[in-house]
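Enquirer: Next comes model-v2.pdb, PDB, C-alpha atoms:
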ATOM      1  CA  MET A   1       0.000   0.000   0.000
ATOM      2  CA  ALA A   2       2.773   2.432   0.979
ATOM      3  CA  GLN A   3       4.493   1.591  -2.303
ATOM      4  CA  LEU A   4       1.307   2.387  -4.245
ATOM      5  CA  ILE A   5       0.939   5.756  -2.485
ATOM      6  CA  SER A   6       4.542   6.691  -3.283
ATOM      7  CA  VAL A   7       4.016   5.765  -6.965
ATOM      8  CA  VAL A   8       0.874   7.941  -7.093
ATOM      9  CA  LEU A   9       2.778  10.813  -5.454
ATOM     10  CA  VAL A  10       5.643  10.538  -7.941
ATOM     11  CA  LEU A  11       3.194  10.526 -10.863
ATOM     12  CA  ALA A  12       1.331  13.521  -9.451
ATOM     13  CA  LEU A  13       4.562  15.486  -9.006
ATOM     14  CA  ALA A  14       5.725  14.534 -12.487
ATOM     15  CA  PHE A  15       2.417  15.708 -13.946
ATOM     16  CA  GLN A  16       2.707  18.964 -12.006
ATOM     17  CA  ALA A  17       6.253  19.510 -13.266
ATOM     18  CA  PHE A  18       5.303  19.087 -16.913
ATOM     19  CA  SER A  19       1.867  20.658 -16.943
ATOM     20  CA  PRO A  20       1.780  24.215 -18.329
ATOM     21  CA  ILE A  21       1.544  27.096 -15.882
ATOM     22  CA  CYS A  22      -2.041  28.305 -15.645
ATOM     23  CA  PHE A  23      -2.055  31.998 -16.436
ATOM     24  CA  CYS A  24      -5.617  32.288 -15.168
ATOM     25  CA  GLY A  25      -6.177  35.422 -13.158
ATOM     26  CA  LYS A  26      -8.828  35.502 -10.445
ATOM     27  CA  THR A  27     -10.651  38.789 -10.664
ATOM     28  CA  THR A  28     -13.624  40.288  -8.878
ATOM     29  CA  GLY A  29     -16.637  38.717 -10.509
ATOM     30  CA  GLY A  30     -14.887  36.024 -12.524
ATOM     31  CA  TYR A  31     -11.758  34.569 -14.065
ATOM     32  CA  LEU A  32      -9.705  35.638 -17.037
ATOM     33  CA  TYR A  33      -8.550  32.632 -19.043
ATOM     34  CA  PRO A  34      -6.895  32.160 -22.462
ATOM     35  CA  GLN A  35      -9.734  30.062 -23.932
ATOM     36  CA  PHE A  36     -12.424  32.696 -23.239
ATOM     37  CA  TYR A  37     -13.334  33.180 -26.942
ATOM     38  CA  ASP A  38     -12.728  29.620 -28.140
ATOM     39  CA  ARG A  39     -16.454  29.049 -28.714
ATOM     40  CA  SER A  40     -17.845  32.564 -29.110
ATOM     41  CA  CYS A  41     -15.157  33.839 -31.527
ATOM     42  CA  PRO A  42     -12.632  31.097 -32.387
ATOM     43  CA  LYS A  43     -10.787  33.259 -34.936
ATOM     44  CA  ALA A  44     -10.308  36.219 -32.561
ATOM     45  CA  ARG A  45      -6.610  35.674 -31.839
ATOM     46  CA  GLU A  46      -5.836  34.977 -35.488
ATOM     47  CA  ILE A  47      -7.587  38.192 -36.603
ATOM     48  CA  VAL A  48      -5.758  40.312 -34.025
ATOM     49  CA  ASN A  49      -2.413  38.762 -34.936
ATOM     50  CA  SER A  50      -2.764  39.261 -38.691
ATOM     51  CA  ILE A  51      -3.683  42.957 -38.389
ATOM     52  CA  VAL A  52      -0.923  43.658 -35.834
ATOM     53  CA  ALA A  53       1.602  41.847 -38.071
ATOM     54  CA  LYS A  54       0.546  43.969 -41.058
ATOM     55  CA  ALA A  55       0.819  47.200 -39.024
ATOM     56  CA  VAL A  56       4.277  46.333 -37.625
ATOM     57  CA  ALA A  57       5.527  45.295 -41.101
ATOM     58  CA  LYS A  58       4.409  48.715 -42.362
ATOM     59  CA  GLU A  59       5.995  50.592 -39.432
ATOM     60  CA  ALA A  60       8.303  48.807 -36.960
ATOM     61  CA  ARG A  61       7.686  51.476 -34.302
ATOM     62  CA  MET A  62       4.035  50.396 -34.055
ATOM     63  CA  ALA A  63       5.012  47.342 -31.969
ATOM     64  CA  ALA A  64       6.292  49.565 -29.148
ATOM     65  CA  SER A  65       3.278  51.874 -29.497
ATOM     66  CA  LEU A  66       0.771  49.024 -29.033
ATOM     67  CA  LEU A  67       2.718  47.622 -26.087
ATOM     68  CA  ARG A  68       2.766  51.050 -24.436
ATOM     69  CA  LEU A  69      -0.958  51.565 -25.060
ATOM     70  CA  HIS A  70      -1.758  48.448 -22.994
ATOM     71  CA  PHE A  71       0.571  49.630 -20.197
ATOM     72  CA  HIS A  72      -0.932  53.154 -20.130
ATOM     73  CA  ASP A  73      -4.422  51.631 -20.074
ATOM     74  CA  CYS A  74      -3.804  49.158 -17.237
ATOM     75  CA  PHE A  75      -2.270  51.772 -14.912
ATOM     76  CA  VAL A  76      -5.488  53.846 -15.003
ATOM     77  CA  LYS A  77      -8.578  52.150 -13.510
ATOM     78  CA  GLY A  78      -7.248  48.741 -14.593
ATOM     79  CA  CYS A  79      -7.099  47.079 -18.034
ATOM     80  CA  ASP A  80     -10.482  48.321 -19.258
ATOM     81  CA  ALA A  81      -9.737  50.144 -22.550
ATOM     82  CA  SER A  82     -10.522  53.528 -20.955
ATOM     83  CA  ILE A  83      -7.520  55.013 -22.833
ATOM     84  CA  LEU A  84      -9.291  54.434 -26.157
ATOM     85  CA  LEU A  85     -12.325  56.622 -25.405
ATOM     86  CA  ASP A  86     -12.566  59.956 -27.197
ATOM     87  CA  SER A  87     -13.930  63.030 -25.405
ATOM     88  CA  THR A  88     -17.708  63.445 -25.515
ATOM     89  CA  GLY A  89     -20.197  65.448 -23.475
ATOM     90  CA  SER A  90     -19.817  63.179 -20.451
ATOM     91  CA  ILE A  91     -16.268  61.859 -20.980
ATOM     92  CA  ILE A  92     -12.936  63.673 -20.808
ATOM     93  CA  SER A  93     -10.514  61.508 -22.768
ATOM     94  CA  GLU A  94      -7.276  60.174 -21.277
ATOM     95  CA  LYS A  95      -5.651  60.892 -24.659
ATOM     96  CA  GLY A  96      -5.092  64.510 -23.568
ATOM     97  CA  SER A  97      -3.154  63.650 -20.387
ATOM     98  CA  ASN A  98       0.538  64.541 -20.001
ATOM     99  CA  PRO A  99       1.769  60.957 -20.561
ATOM    100  CA  ASN A 100      -0.455  60.463 -23.642
ATOM    101  CA  ARG A 101      -0.698  63.821 -25.439
ATOM    102  CA  ASN A 102       1.275  63.819 -28.746
ATOM    103  CA  SER A 103       2.630  60.463 -27.627
ATOM    104  CA  ALA A 104       0.081  57.629 -27.290
ATOM    105  CA  ARG A 105      -0.554  56.101 -30.716
ATOM    106  CA  GLY A 106      -1.796  52.962 -32.441
ATOM    107  CA  PHE A 107      -5.484  53.835 -32.067
ATOM    108  CA  GLU A 108      -6.163  53.283 -35.788
ATOM    109  CA  VAL A 109      -4.701  49.755 -35.573
ATOM    110  CA  ILE A 110      -7.043  48.955 -32.655
ATOM    111  CA  ASP A 111      -9.947  50.402 -34.700
ATOM    112  CA  GLU A 112      -9.079  48.151 -37.643
ATOM    113  CA  ILE A 113      -8.919  45.066 -35.409
ATOM    114  CA  LYS A 114     -12.230  45.947 -33.747
ATOM    115  CA  SER A 115     -13.914  46.472 -37.112
ATOM    116  CA  ALA A 116     -12.725  43.055 -38.368
ATOM    117  CA  LEU A 117     -13.860  41.349 -35.147
ATOM    118  CA  GLU A 118     -17.279  43.011 -35.251
ATOM    119  CA  LYS A 119     -17.761  41.507 -38.732
ATOM    120  CA  GLU A 120     -16.608  38.060 -37.591
ATOM    121  CA  CYS A 121     -18.450  37.945 -34.241
ATOM    122  CA  PRO A 122     -20.437  41.086 -33.351
ATOM    123  CA  GLU A 123     -20.389  42.462 -29.805
ATOM    124  CA  THR A 124     -18.204  39.645 -28.490
ATOM    125  CA  VAL A 125     -14.525  40.620 -28.167
ATOM    126  CA  SER A 126     -13.703  43.552 -25.894
ATOM    127  CA  CYS A 127     -11.366  46.402 -26.778
ATOM    128  CA  ALA A 128      -9.476  45.683 -23.526
ATOM    129  CA  ASP A 129      -8.740  42.129 -24.709
ATOM    130  CA  ILE A 130      -7.734  43.418 -28.160
ATOM    131  CA  MET A 131      -5.091  45.595 -26.462
ATOM    132  CA  ALA A 132      -3.798  42.729 -24.309
ATOM    133  CA  LEU A 133      -3.448  40.473 -27.376
ATOM    134  CA  SER A 134      -1.893  43.258 -29.469
ATOM    135  CA  ALA A 135       0.758  43.862 -26.786
ATOM    136  CA  ARG A 136       1.712  40.172 -26.767
ATOM    137  CA  ASP A 137       1.754  39.933 -30.574
ATOM    138  CA  SER A 138       3.876  43.101 -30.853
ATOM    139  CA  THR A 139       6.422  41.588 -28.475
ATOM    140  CA  VAL A 140       6.624  38.319 -30.429
ATOM    141  CA  LEU A 141       6.806  40.050 -33.829
ATOM    142  CA  THR A 142       9.904  41.995 -32.737
ATOM    143  CA  GLY A 143      11.699  38.876 -31.470
ATOM    144  CA  GLY A 144      10.488  38.824 -27.874
ATOM    145  CA  PRO A 145       8.853  36.084 -25.785
ATOM    146  CA  SER A 146       5.334  34.734 -26.156
ATOM    147  CA  TRP A 147       2.828  33.963 -23.418
ATOM    148  CA  GLU A 148      -0.772  32.842 -23.135
ATOM    149  CA  VAL A 149      -2.950  35.924 -22.704
ATOM    150  CA  PRO A 150      -5.765  35.478 -20.168
ATOM    151  CA  LEU A 151      -8.964  36.882 -21.716
ATOM    152  CA  GLY A 152     -12.445  37.912 -20.637
ATOM    153  CA  ARG A 153     -11.957  41.604 -19.800
ATOM    154  CA  ARG A 154     -14.825  43.968 -20.509
ATOM    155  CA  ASP A 155     -14.696  47.643 -21.477
ATOM    156  CA  SER A 156     -15.254  50.586 -19.148
ATOM    157  CA  ARG A 157     -17.942  53.180 -19.682
ATOM    158  CA  SER A 158     -15.770  56.004 -18.350
ATOM    159  CA  ALA A 159     -12.261  57.464 -18.506
ATOM    160  CA  SER A 160     -10.042  59.152 -15.924
ATOM    161  CA  LEU A 161      -7.906  62.082 -17.036
ATOM    162  CA  SER A 162      -6.648  62.642 -13.479
ATOM    163  CA  GLY A 163      -5.783  58.943 -13.132
ATOM    164  CA  SER A 164      -3.831  59.112 -16.365
ATOM    165  CA  ASN A 165      -1.948  62.206 -15.202
ATOM    166  CA  ASN A 166      -1.177  60.810 -11.739
ATOM    167  CA  ASN A 167      -0.799  57.012 -12.008
ATOM    168  CA  ILE A 168       1.439  56.497 -15.038
ATOM    169  CA  PRO A 169       5.169  56.645 -14.184
ATOM    170  CA  ALA A 170       6.914  59.592 -15.843
ATOM    171  CA  PRO A 171      10.448  59.528 -17.348
ATOM    172  CA  ASN A 172      11.689  62.118 -14.849
ATOM    173  CA  ASN A 173      10.094  60.589 -11.722
ATOM    174  CA  THR A 174      12.426  59.460  -8.944
ATOM    175  CA  PHE A 175      12.978  55.721  -8.526
ATOM    176  CA  GLN A 176      10.877  55.725  -5.350
ATOM    177  CA  THR A 177       7.954  57.486  -7.062
ATOM    178  CA  ILE A 178       8.028  54.985  -9.938
ATOM    179  CA  LEU A 179       8.155  52.021  -7.543
ATOM    180  CA  THR A 180       5.262  53.468  -5.515
ATOM    181  CA  LYS A 181       3.166  53.809  -8.689
ATOM    182  CA  PHE A 182       3.887  50.153  -9.524
ATOM    183  CA  LYS A 183       3.067  49.004  -5.981
ATOM    184  CA  LEU A 184      -0.283  50.825  -6.111
ATOM    185  CA  GLN A 185      -1.140  48.491  -9.011
ATOM    186  CA  GLY A 186      -0.082  45.380  -7.106
ATOM    187  CA  LEU A 187       3.248  45.150  -8.936
ATOM    188  CA  ASN A 188       6.686  44.911  -7.313
ATOM    189  CA  VAL A 189      10.309  45.834  -8.045
ATOM    190  CA  VAL A 190      10.811  42.673 -10.156
ATOM    191  CA  ASP A 191       7.838  43.656 -12.348
ATOM    192  CA  LEU A 192       9.137  47.224 -12.549
ATOM    193  CA  VAL A 193      12.561  46.204 -13.872
ATOM    194  CA  ALA A 194      11.244  43.488 -16.201
ATOM    195  CA  LEU A 195       8.504  45.682 -17.703
ATOM    196  CA  SER A 196      10.953  48.585 -18.129
ATOM    197  CA  GLY A 197      12.736  46.182 -20.478
ATOM    198  CA  SER A 198      10.018  46.930 -23.047
ATOM    199  CA  HIS A 199      12.163  50.016 -23.758
ATOM    200  CA  THR A 200      14.292  47.651 -25.827
ATOM    201  CA  ILE A 201      12.053  48.775 -28.726
ATOM    202  CA  GLY A 202      10.494  52.105 -29.648
ATOM    203  CA  ASN A 203      11.345  55.771 -29.419
ATOM    204  CA  ALA A 204      11.385  58.614 -26.933
ATOM    205  CA  ARG A 205      10.829  62.290 -27.651
ATOM    206  CA  CYS A 206      13.470  64.923 -26.886
ATOM    207  CA  THR A 207      11.128  66.492 -24.342
ATOM    208  CA  SER A 208      11.155  63.309 -22.230
ATOM    209  CA  PHE A 209      14.900  63.343 -21.512
ATOM    210  CA  ARG A 210      16.037  66.934 -22.208
ATOM    211  CA  GLN A 211      16.612  67.702 -18.523
ATOM    212  CA  ARG A 212      19.350  65.025 -18.438
ATOM    213  CA  LEU A 213      21.293  66.874 -21.124
ATOM    214  CA  TYR A 214      21.147  70.373 -19.656
ATOM    215  CA  ASN A 215      19.662  70.699 -16.198
ATOM    216  CA  GLN A 216      19.242  67.427 -14.332
ATOM    217  CA  SER A 217      18.982  68.721 -10.764
ATOM    218  CA  GLY A 218      17.940  72.323 -11.352
ATOM    219  CA  ASN A 219      21.556  73.544 -11.111
ATOM    220  CA  GLY A 220      22.126  74.027 -14.854
ATOM    221  CA  LYS A 221      24.343  70.927 -15.062
ATOM    222  CA  PRO A 222      23.797  67.734 -17.095
ATOM    223  CA  ASP A 223      23.232  64.280 -15.641
ATOM    224  CA  TYR A 224      26.708  62.802 -15.295
ATOM    225  CA  SER A 225      25.280  59.268 -15.019
ATOM    226  CA  LEU A 226      24.619  59.521 -18.790
ATOM    227  CA  GLN A 227      27.681  58.550 -20.824
ATOM    228  CA  GLN A 228      29.101  61.890 -21.957
ATOM    229  CA  SER A 229      29.844  61.032 -25.610
ATOM    230  CA  LEU A 230      26.236  59.833 -25.962
ATOM    231  CA  ALA A 231      25.009  63.029 -24.264
ATOM    232  CA  ALA A 232      26.986  65.141 -26.778
ATOM    233  CA  GLN A 233      25.465  63.155 -29.646
ATOM    234  CA  LEU A 234      21.938  63.614 -28.257
ATOM    235  CA  ARG A 235      22.404  67.394 -27.855
ATOM    236  CA  ASN A 236      22.809  67.689 -31.640
ATOM    237  CA  ARG A 237      19.133  66.851 -32.158
ATOM    238  CA  CYS A 238      17.718  67.733 -28.749
ATOM    239  CA  PRO A 239      18.495  71.436 -28.141
ATOM    240  CA  ARG A 240      17.771  73.409 -24.973
ATOM    241  CA  SER A 241      14.578  74.657 -26.564
ATOM    242  CA  GLY A 242      12.638  73.510 -29.624
ATOM    243  CA  GLY A 243      12.689  70.056 -31.195
ATOM    244  CA  ASP A 244      10.394  68.687 -28.489
ATOM    245  CA  GLN A 245       8.948  66.002 -30.776
ATOM    246  CA  ASN A 246      12.276  64.845 -32.251
ATOM    247  CA  LEU A 247      12.461  61.062 -31.870
ATOM    248  CA  PHE A 248      15.352  58.978 -30.536
ATOM    249  CA  PHE A 249      15.708  55.219 -30.192
ATOM    250  CA  LEU A 250      15.325  54.043 -26.601
ATOM    251  CA  ASP A 251      17.781  51.211 -27.281
ATOM    252  CA  LEU A 252      20.622  52.342 -29.530
ATOM    253  CA  ALA A 253      22.162  48.856 -29.766
ATOM    254  CA  SER A 254      19.178  47.022 -31.348
ATOM    255  CA  PRO A 255      16.297  49.499 -31.597
ATOM    256  CA  LYS A 256      13.878  47.248 -33.491
ATOM    257  CA  LYS A 257      14.689  43.951 -31.795
ATOM    258  CA  PHE A 258      13.119  42.866 -28.538
ATOM    259  CA  ASP A 259      16.090  41.640 -26.498
ATOM    260  CA  ASN A 260      18.089  42.309 -23.318
ATOM    261  CA  SER A 261      20.418  44.926 -24.826
ATOM    262  CA  TYR A 262      18.352  47.571 -22.976
ATOM    263  CA  PHE A 263      19.873  46.292 -19.719
ATOM    264  CA  LYS A 264      23.377  46.158 -21.197
ATOM    265  CA  ASN A 265      22.939  49.803 -22.230
ATOM    266  CA  ILE A 266      22.023  50.760 -18.659
ATOM    267  CA  LEU A 267      25.181  49.059 -17.347
ATOM    268  CA  ALA A 268      27.179  51.101 -19.874
ATOM    269  CA  SER A 269      25.484  54.362 -18.660
ATOM    270  CA  LYS A 270      23.534  54.547 -21.919
ATOM    271  CA  GLY A 271      19.975  54.362 -20.609
ATOM    272  CA  LEU A 272      18.169  57.142 -22.466
ATOM    273  CA  LEU A 273      15.502  58.127 -19.951
ATOM    274  CA  ASN A 274      16.167  59.065 -16.360
ATOM    275  CA  SER A 275      13.650  56.337 -15.396
ATOM    276  CA  ASP A 276      15.863  53.790 -17.209
ATOM    277  CA  GLN A 277      19.171  54.770 -15.610
ATOM    278  CA  VAL A 278      17.820  55.032 -12.035
ATOM    279  CA  LEU A 279      17.148  51.275 -12.139
ATOM    280  CA  LEU A 280      20.906  50.908 -11.757
ATOM    281  CA  THR A 281      21.835  53.879  -9.599
ATOM    282  CA  LYS A 282      19.108  54.305  -6.984
ATOM    283  CA  ASN A 283      18.149  50.887  -5.636
ATOM    284  CA  GLU A 284      20.125  47.763  -4.822
ATOM    285  CA  ALA A 285      17.389  45.229  -5.658
ATOM    286  CA  SER A 286      16.743  46.793  -9.061
ATOM    287  CA  MET A 287      20.499  47.071  -9.731
ATOM    288  CA  GLU A 288      20.886  43.311  -9.187
ATOM    289  CA  LEU A 289      17.963  42.609 -11.529
ATOM    290  CA  VAL A 290      19.425  44.859 -14.250
ATOM    291  CA  LYS A 291      22.679  42.854 -14.012
ATOM    292  CA  LYS A 292      20.823  39.510 -14.130
ATOM    293  CA  TYR A 293      18.770  40.453 -17.187
ATOM    294  CA  ALA A 294      21.817  41.937 -18.945
ATOM    295  CA  GLU A 295      23.500  38.581 -18.441
ATOM    296  CA  SER A 296      20.586  36.343 -19.453
ATOM    297  CA  ASN A 297      18.125  37.085 -22.233
ATOM    298  CA  GLU A 298      16.256  33.914 -21.257
ATOM    299  CA  LEU A 299      15.748  35.080 -17.664
ATOM    300  CA  PHE A 300      14.525  38.483 -18.875
ATOM    301  CA  PHE A 301      12.059  36.915 -21.344
ATOM    302  CA  GLU A 302      10.699  34.556 -18.697
ATOM    303  CA  GLN A 303      10.096  37.343 -16.170
ATOM    304  CA  PHE A 304       8.774  39.786 -18.775
ATOM    305  CA  SER A 305       6.089  37.247 -19.760
ATOM    306  CA  LYS A 306       5.061  36.689 -16.126
ATOM    307  CA  SER A 307       4.969  40.426 -15.396
ATOM    308  CA  MET A 308       2.896  41.149 -18.523
ATOM    309  CA  VAL A 309       0.284  38.602 -17.403
ATOM    310  CA  LYS A 310       0.322  40.132 -13.920
ATOM    311  CA  MET A 311      -0.084  43.652 -15.341
ATOM    312  CA  GLY A 312      -2.884  42.441 -17.629
ATOM    313  CA  ASN A 313      -4.730  41.229 -14.523
ATOM    314  CA  ILE A 314      -4.964  44.697 -12.930
ATOM    315  CA  SER A 315      -8.626  45.292 -11.951
ATOM    316  CA  PRO A 316     -10.326  44.027 -15.110
ATOM    317  CA  LEU A 317     -14.075  44.354 -15.487
ATOM    318  CA  THR A 318     -15.623  40.885 -15.746
ATOM    319  CA  GLY A 319     -19.019  39.241 -15.544
ATOM    320  CA  SER A 320     -21.733  41.845 -16.029
ATOM    321  CA  ARG A 321     -19.562  44.870 -15.190
ATOM    322  CA  GLY A 322     -18.662  47.227 -18.045
ATOM    323  CA  GLU A 323     -19.664  46.368 -21.603
ATOM    324  CA  ILE A 324     -18.372  45.087 -24.931
ATOM    325  CA  ARG A 325     -18.010  48.301 -26.945
ATOM    326  CA  LYS A 326     -19.067  48.218 -30.589
ATOM    327  CA  SER A 327     -16.543  50.983 -31.308
ATOM    328  CA  CYS A 328     -13.469  51.263 -29.118
ATOM    329  CA  ARG A 329     -13.603  55.073 -29.234
ATOM    330  CA  LYS A 330     -17.038  55.483 -27.647
ATOM    331  CA  ILE A 331     -19.317  53.817 -25.144
ATOM    332  CA  ASN A 332     -22.425  52.031 -26.432
ATOM    333  CA  SER A 333     -25.476  54.284 -26.553
TER     334      SER A 333
END
As structure tokens, what does this structure read like?
Expert:
Amino acid sequence: MAQLISVVLVLALAFQAFSPICFCGKTTGGYLYPQFYDRSCPKAREIVNSIVAKAVAKEARMAASLLRLHFHDCFVKGCDASILLDSTGSIISEKGSNPNRNSARGFEVIDEIKSALEKECPETVSCADIMALSARDSTVLTGGPSWEVPLGRRDSRSASLSGSNNNIPAPNNTFQTILTKFKLQGLNVVDLVALSGSHTIGNARCTSFRQRLYNQSGNGKPDYSLQQSLAAQLRNRCPRSGGDQNLFFLDLASPKKFDNSYFKNILASKGLLNSDQVLLTKNEASMELVKKYAESNELFFEQFSKSMVKMGNISPLTGSRGEIRKSCRKINS
């Protein structure tokens, strides 16, 4: 009998070891799970993927834009597609907030996906889920990791301009402020460092790092934690005034490839944004993580996937809360 029990235990442990991790997220009012649309809209993932792939092939930068859109959505009232709403009589759009104005983009790609899904299976797939899938597909298309996206989010019927202004970490925030903003969303320092690694693709505007070149601490001196030859190069296209919208690669080593060179750049004092470089200089735990991810692409990919699922589980609307918008830009009438 004892022998039989030990055999059963060994088999159970073996099954546990080889069974896939369940990325199901328990939420108030229900679960998110990857198979949510398997019956109601079996082609949903395929439709999202094909339109994202077309958009990224047309413009490589779009991958970073779609990834950022999901991040900026989840940090304001949860992952509920509130960022997609345009201003109307009763709604003040989040698109006009400091982090999003002249910066958030990819809305037309989301519109195209929504339109295709409404034809395939009307009023079924939420805009919030479209963003979560688009973020994953953008990562994979640029060479990054894949993960199963838990689905079943619904769309909000409101937006929060103040939430967008206050909750989203800014490039010039201190390390402690950034960490606090992550902790308010149920994320920790590991998530902060891993998710910052999304800056391995995409661009930043001159206005988001200018202070590092000219006046880092309000004393008229540059940030000496930025490698000085890089700083000189950046000053050519990012003057003291003007050129606010001039674009610069966040990762100079491999700007269109999703990899761990972002962390190697930080170790070489070549993190573009202040919020990138402080991961190394202001906190011991984050410094160790930067070194680990710079050393192992595999470790970074593994944690990035876990942290993206965790971020995608921030306060989603499920069950009967919220709605499935027919157009991602406006609430249903």
Enquirer: Starting from the PyMOL selection byres ((chain A and resi 223-225) around 9), expand the selection into actual residues of this file and give them as a count of residues only.
Expert: 18
Enquirer: May I ask for the distance between CA of Phe36 in chain A and CA of Arg325 in chain A, given in Å to one decimal place?
Expert: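 So the answer is 17.0 Å.
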Enquirer: Please, which residues are within 8 Å of (10.3, 58.9, -27.6) by the file's coordinates, counting all atoms listed in the file, and could they come as a list in words?
Expert: Ser103, Gly202, Asn203, Ala204, Arg205, Cys206, Ser208, Gln245, Asn246, Leu247, Phe248, Phe249 and Leu250 of chain A
Enquirer: Just give me the gap between CA of Pro239 in chain A and CA of Asp251 in chain A in Å, one decimal is fine.
Expert: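 CA of Pro239 in chain A sits 20.3 Å away from CA of Asp251 in chain A.
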Enquirer: Under the PyMOL selection byres ((chain A and resi 261-266) around 12), which residues of this model are included? Write them out as an MDAnalysis selection string.
Expert: chainID A and resid 193:202 225:227 230 249:260 267:281 286:297 300
Enquirer: Quick one: distance from CA of Val76 in chain A to CA of Ser160 in chain A in Å, one decimal?
Expert: 7.1 Å
Enquirer: Once you count all atoms listed in the file, what closest atom pair and distance in Å to one decimal does each residue of range 90-125 of chain A within 12 Å of range 42-45 of chain A have, with rows by chain and rising residue number, as CSV?
Expert:
residue,atom,partner,partner_atom,distance
A:Ile113,CA,A:Ala44,CA,9.4
A:Lys114,CA,A:Ala44,CA,10.0
A:Ser115,CA,A:Ala44,CA,11.8
A:Ala116,CA,A:Ala44,CA,9.3
A:Leu117,CA,A:Ala44,CA,6.8
A:Glu118,CA,A:Ala44,CA,10.1
A:Lys119,CA,A:Ala44,CA,11.0
A:Glu120,CA,A:Lys43,CA,8.0
A:Cys121,CA,A:Ala44,CA,8.5
A:Pro122,CA,A:Ala44,CA,11.3
A:Thr124,CA,A:Ala44,CA,9.5
A:Val125,CA,A:Ala44,CA,7.5
Enquirer: Which residue out of A:Phe301, A:Phe209, A:Tyr31, A:Phe182 has the minimum interatomic distance to Phe75 in chain A when all atoms listed in the file are used?
Expert: A:Phe182
Enquirer: Evaluate the PyMOL selection byres ((chain A and resi 322) around 12) and record the selected residues as a PyMOL selection string, following the chain and residue labels used in the document.
Expert: chain A and resi 29+79-82+126-128+152-158+315-321+323-325+331-332
Enquirer: Nearest to Ile178 in chain A among A:Lys282, A:Arg105, A:Arg235, A:Arg136, with distances taken over all atoms listed in the file: which residue is it?
Expert: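 Comparing A:Lys282, A:Arg105, A:Arg235, A:Arg136 against Ile178 in chain A, the winner is A:Lys282.
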Enquirer: From the options A:Ile83, A:Leu133, A:Leu184, A:Leu161, which residue's atoms come nearest to Glu148 in chain A, counting all atoms listed in the file?
Expert: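 Nearest candidate to Glu148 in chain A out of A:Ile83, A:Leu133, A:Leu184, A:Leu161: A:Leu133.
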